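Q: What follows is a single structure, and I will ask about it in a moment.
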Amino acid sequence: LQLVESGGDLVQPGGSLRLSCLVSGDSLRYYGIGWFRQAPGKEREAIACISSIYGNSQTNYAESAKGRFTISRDIAKKMVLLQMNSLTLEDTGAYYCAADPVVRGSCRLYNNDYEDWGQGTQVTVSA
């Protein structure tokens with residue numbers, strides 16, 4: 001599975017961005033997809049995920065993302081989107097999408113669940 005992120009940019013605090021993850025190589029519907037963030041000097045952390053059709057496309061969010069970020073999937077366009085609102089300085093980092101090929105009832109925010117990764121897109125929140 002190949003994944004390509006886009007949509008990263010420089011944005012002011014309080015602003016919004018929408019990240020896209022284009023998936024190819026197999027049908028998106030059979031994979032859980034997660035979004036991850038790696039801030040400078042920190043470990044990569046899971047932000048949000050959406051389950052495959054086996055998990056009824058359930059979503060799961062890190063506490064830092066709840067109420068501000070929304071993950072969604074457009075199977076026809078082979079894309080997973082991450083809408084990010086009310087951005088803060090702490091949201092700065094490289095954002096990655098990744099695919100979990102294991103059939104699960106619900107996606108999980110565990111990095112080790114995900115096998116195929118994109119190259120990342122940079123989000124910088126700065127005044």
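Chain labels run A, B, ... following the order of the structure tokens; each chain numbers its residues from 1, and ligands are numbered from 1 in the order shown.
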If we count only C-alpha atoms, what is near stretch 88-101 of chain A at a cut-off of 8 Å, once residues fewer than 6 positions away on the same chain are taken out, given as number ranges by chain?
A: A: 1, 3-5, 8, 13-14, 21, 30-40, 113-126
Q: Produce a file of the selected residues containing N, CA, C and O atoms, as a tab-separated table (two decimals), in the first residue's frame.
A:
chain	number	residue	atom	x	y	z
A	1	LEU	N	0.86	-1.17	0.00
A	1	LEU	CA	0.00	0.00	0.00
A	1	LEU	C	0.91	1.24	0.00
A	1	LEU	O	1.87	1.32	0.76
A	3	LEU	N	1.04	5.46	0.38
A	3	LEU	CA	0.31	6.57	0.95
A	3	LEU	C	1.09	7.87	0.71
A	3	LEU	O	2.31	7.90	0.91
A	4	VAL	N	0.39	8.91	0.30
A	4	VAL	CA	1.01	10.20	0.04
A	4	VAL	C	0.20	11.29	0.72
A	4	VAL	O	-0.99	11.46	0.42
A	5	GLU	N	0.85	12.02	1.64
A	5	GLU	CA	0.19	13.09	2.36
A	5	GLU	C	0.37	14.41	1.62
A	5	GLU	O	1.36	14.63	0.91
A	8	GLY	N	-0.09	20.18	4.13
A	8	GLY	CA	0.61	20.89	5.18
A	8	GLY	C	0.97	22.31	4.76
A	8	GLY	O	1.17	22.60	3.58
A	13	PRO	N	-2.03	30.64	14.73
A	13	PRO	CA	-2.81	30.03	15.81
A	13	PRO	C	-4.30	30.37	15.66
A	13	PRO	O	-4.65	31.50	15.33
A	14	GLY	N	-5.13	29.37	15.88
A	14	GLY	CA	-6.56	29.53	15.71
A	14	GLY	C	-7.05	29.20	14.32
A	14	GLY	O	-8.26	29.13	14.08
A	21	CYS	N	-4.61	12.31	2.58
A	21	CYS	CA	-3.78	11.12	2.44
A	21	CYS	C	-4.33	10.32	1.27
A	21	CYS	O	-5.44	9.78	1.35
A	30	TYR	N	-10.47	-1.63	3.08
A	30	TYR	CA	-10.06	-2.79	3.86
A	30	TYR	C	-9.00	-2.47	4.91
A	30	TYR	O	-8.52	-3.38	5.61
A	31	TYR	N	-8.62	-1.20	5.03
A	31	TYR	CA	-7.54	-0.82	5.92
A	31	TYR	C	-7.98	0.22	6.94
A	31	TYR	O	-8.71	1.15	6.61
A	32	GLY	N	-7.52	0.06	8.16
A	32	GLY	CA	-7.61	1.16	9.08
A	32	GLY	C	-6.54	2.17	8.72
A	32	GLY	O	-5.42	1.80	8.36
A	33	ILE	N	-6.87	3.44	8.81
A	33	ILE	CA	-5.92	4.50	8.48
A	33	ILE	C	-5.76	5.42	9.67
A	33	ILE	O	-6.76	5.82	10.29
A	34	GLY	N	-4.54	5.71	9.99
A	34	GLY	CA	-4.26	6.61	11.11
A	34	GLY	C	-3.48	7.83	10.66
A	34	GLY	O	-2.76	7.80	9.66
A	35	TRP	N	-3.66	8.90	11.40
A	35	TRP	CA	-2.84	10.11	11.24
A	35	TRP	C	-1.97	10.26	12.48
A	35	TRP	O	-2.45	10.07	13.61
A	36	PHE	N	-0.73	10.64	12.23
A	36	PHE	CA	0.25	10.75	13.29
A	36	PHE	C	0.98	12.08	13.18
A	36	PHE	O	1.10	12.64	12.08
A	37	ARG	N	1.49	12.53	14.30
A	37	ARG	CA	2.24	13.79	14.33
A	37	ARG	C	3.58	13.56	15.03
A	37	ARG	O	3.63	12.88	16.06
A	38	GLN	N	4.61	14.16	14.46
A	38	GLN	CA	5.91	14.14	15.12
A	38	GLN	C	6.41	15.57	15.25
A	38	GLN	O	6.78	16.20	14.25
A	39	ALA	N	6.37	16.05	16.48
A	39	ALA	CA	6.85	17.41	16.75
A	39	ALA	C	8.37	17.39	16.86
A	39	ALA	O	8.96	16.34	17.16
A	40	PRO	N	9.01	18.52	16.66
A	40	PRO	CA	10.47	18.57	16.74
A	40	PRO	C	10.96	18.05	18.09
A	40	PRO	O	10.49	18.49	19.14
A	113	ASP	N	0.63	-0.73	15.27
A	113	ASP	CA	-0.42	-1.37	14.48
A	113	ASP	C	-0.26	-1.09	12.99
A	113	ASP	O	-0.82	-1.79	12.16
A	114	TYR	N	0.47	-0.06	12.64
A	114	TYR	CA	0.48	0.47	11.28
A	114	TYR	C	1.75	0.05	10.56
A	114	TYR	O	2.86	0.20	11.08
A	115	GLU	N	1.59	-0.48	9.36
A	115	GLU	CA	2.71	-1.06	8.64
A	115	GLU	C	3.21	-0.21	7.49
A	115	GLU	O	4.41	-0.17	7.22
A	116	ASP	N	2.32	0.42	6.77
A	116	ASP	CA	2.71	1.22	5.60
A	116	ASP	C	2.53	2.69	5.93
A	116	ASP	O	1.46	3.10	6.40
A	117	TRP	N	3.56	3.47	5.64
A	117	TRP	CA	3.59	4.88	6.03
A	117	TRP	C	3.87	5.78	4.84
A	117	TRP	O	4.60	5.40	3.90
A	118	GLY	N	3.31	6.98	4.89
A	118	GLY	CA	3.65	7.99	3.91
A	118	GLY	C	4.91	8.73	4.32
A	118	GLY	O	5.51	8.44	5.36
A	119	GLN	N	5.29	9.70	3.50
A	119	GLN	CA	6.52	10.46	3.74
A	119	GLN	C	6.30	11.68	4.63
A	119	GLN	O	7.28	12.27	5.09
A	120	GLY	N	5.07	12.05	4.83
A	120	GLY	CA	4.78	13.15	5.74
A	120	GLY	C	4.56	14.48	5.05
A	120	GLY	O	5.01	14.71	3.93
A	121	THR	N	3.85	15.35	5.75
A	121	THR	CA	3.63	16.72	5.30
A	121	THR	C	3.79	17.64	6.51
A	121	THR	O	3.36	17.29	7.62
A	122	GLN	N	4.43	18.78	6.33
A	122	GLN	CA	4.78	19.65	7.45
A	122	GLN	C	3.66	20.64	7.75
A	122	GLN	O	3.17	21.34	6.84
A	123	VAL	N	3.31	20.71	9.02
A	123	VAL	CA	2.37	21.71	9.51
A	123	VAL	C	3.12	22.60	10.50
A	123	VAL	O	3.70	22.10	11.46
A	124	THR	N	3.09	23.88	10.25
A	124	THR	CA	3.73	24.84	11.15
A	124	THR	C	2.70	25.86	11.59
A	124	THR	O	2.10	26.54	10.75
A	125	VAL	N	2.50	25.93	12.90
A	125	VAL	CA	1.57	26.90	13.47
A	125	VAL	C	2.41	27.98	14.14
A	125	VAL	O	3.14	27.71	15.08
A	126	SER	N	2.30	29.19	13.62
A	126	SER	CA	3.14	30.27	14.12
A	126	SER	C	2.46	31.60	13.87
A	126	SER	O	1.79	31.80	12.85
Q: Would you kindly return, as a PyMOL selection string, each protein, DNA or RNA residue with an atom no farther than 10 Å from any atom of A:Ser52, considering only C-alpha atoms and excluding same-chain residues fewer than 2 positions away?
A: chain A and resi 28-33+49-50+54-59+73+99-107
Q: Considering only C-alpha atoms, return as a PyMOL selection string whatever protein or nucleic-acid residues lie within 10 Å of A:Ile75, sequence-local ones (same chain, fewer than 2 positions apart) excluded.
A: chain A and resi 23+27-29+72-73+77-80
Q: Would you return as a PyMOL selection string the members of stretch 44-109 of chain A that DSSP assigns to strand (DSSP E) on this structure's backbone?
A: chain A and resi 45-50+59-61+69-74+79-84+93-100
Q: Taking only C-alpha atoms into account, name the residue in A:Gln83, A:Thr70, A:Ser24, A:Gln12 that is nearest to A:Ala127.
A: A:Gln12
Q: Let me make sure I understand: among A:Gly15, A:Asp26, A:Ala65, A:Leu81, which one has the smallest atom-to-atom distance to A:Glu45 if we use only C-alpha atoms?
A: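 Answer, going by the shortest atom-to-atom distance: A:Ala65.
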Q: Can you tell me, as number ranges by chain, which residues in chain A count as helix (DSSP H, G or I) by DSSP?
A: A: 28-30, 53-55, 89-91, 111-113
Q: I'd like to know which of A:Ser51, A:Ser6, A:Ser86, A:Ser64 is closest to A:Arg108, using only C-alpha atoms.
A: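 Looking only at the distances to A:Arg108, the closest residue turns out to be A:Ser51.
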Q: What does the distance from atom CA of A:Tyr61 to atom CA of A:Asp9 come to in Å, to one decimal?
A: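 That distance, rounded to one decimal, is 21.9 Å.
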Q: Could you state the separation of atom CA of A:Asp74 and atom CA of A:Tyr110 in Å, given to one decimal place?
A: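 One can read the atom CA of A:Asp74 to atom CA of A:Tyr110 distance as 23.0 Å.
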Q: Write out as a PyMOL selection string which residues come within 7 Å of A:Ser16 when counting only C-alpha atoms, dropping same-chain ones fewer than 3 positions away.
A: chain A and resi 84-87
Q: Using all heavy atoms, can you export the residues from the last selection as a PDB file, in the first residue's frame?
A:
ATOM      1  N   MET A  84      -8.399  19.946  10.557  1.00  0.00           N
ATOM      2  CA  MET A  84      -7.843  20.433  11.817  1.00  0.00           C
ATOM      3  C   MET A  84      -8.276  21.880  12.024  1.00  0.00           C
ATOM      4  O   MET A  84      -7.990  22.742  11.194  1.00  0.00           O
ATOM      5  CB  MET A  84      -6.314  20.340  11.797  1.00  0.00           C
ATOM      6  CG  MET A  84      -5.789  18.952  11.487  1.00  0.00           C
ATOM      7  SD  MET A  84      -4.010  18.802  11.701  1.00  0.00           S
ATOM      8  CE  MET A  84      -3.420  19.935  10.435  1.00  0.00           C
ATOM      9  N   ASN A  85      -8.955  22.108  13.122  1.00  0.00           N
ATOM     10  CA  ASN A  85      -9.437  23.453  13.461  1.00  0.00           C
ATOM     11  C   ASN A  85      -8.816  23.913  14.772  1.00  0.00           C
ATOM     12  O   ASN A  85      -8.280  23.115  15.540  1.00  0.00           O
ATOM     13  CB  ASN A  85     -10.952  23.448  13.576  1.00  0.00           C
ATOM     14  CG  ASN A  85     -11.644  23.053  12.290  1.00  0.00           C
ATOM     15  OD1 ASN A  85     -11.172  23.344  11.196  1.00  0.00           O
ATOM     16  ND2 ASN A  85     -12.780  22.373  12.415  1.00  0.00           N
ATOM     17  N   SER A  86      -8.907  25.209  15.022  1.00  0.00           N
ATOM     18  CA  SER A  86      -8.407  25.788  16.274  1.00  0.00           C
ATOM     19  C   SER A  86      -6.970  25.356  16.557  1.00  0.00           C
ATOM     20  O   SER A  86      -6.638  24.924  17.663  1.00  0.00           O
ATOM     21  CB  SER A  86      -9.322  25.381  17.443  1.00  0.00           C
ATOM     22  OG  SER A  86     -10.647  25.801  17.206  1.00  0.00           O
ATOM     23  N   LEU A  87      -6.142  25.481  15.557  1.00  0.00           N
ATOM     24  CA  LEU A  87      -4.756  25.018  15.684  1.00  0.00           C
ATOM     25  C   LEU A  87      -3.987  25.857  16.699  1.00  0.00           C
ATOM     26  O   LEU A  87      -4.199  27.075  16.814  1.00  0.00           O
ATOM     27  CB  LEU A  87      -4.074  25.058  14.326  1.00  0.00           C
ATOM     28  CG  LEU A  87      -4.540  23.970  13.347  1.00  0.00           C
ATOM     29  CD1 LEU A  87      -4.124  24.290  11.929  1.00  0.00           C
ATOM     30  CD2 LEU A  87      -3.991  22.615  13.768  1.00  0.00           C
TER      31      LEU A  87
END
Q: Excluding A:Gly7 and its own-chain neighbours fewer than 4 positions away, which residues fall within 7 Å of it when counting only C-alpha atoms? Please give them as a PyMOL selection string.
A: chain A and resi 18-20+121
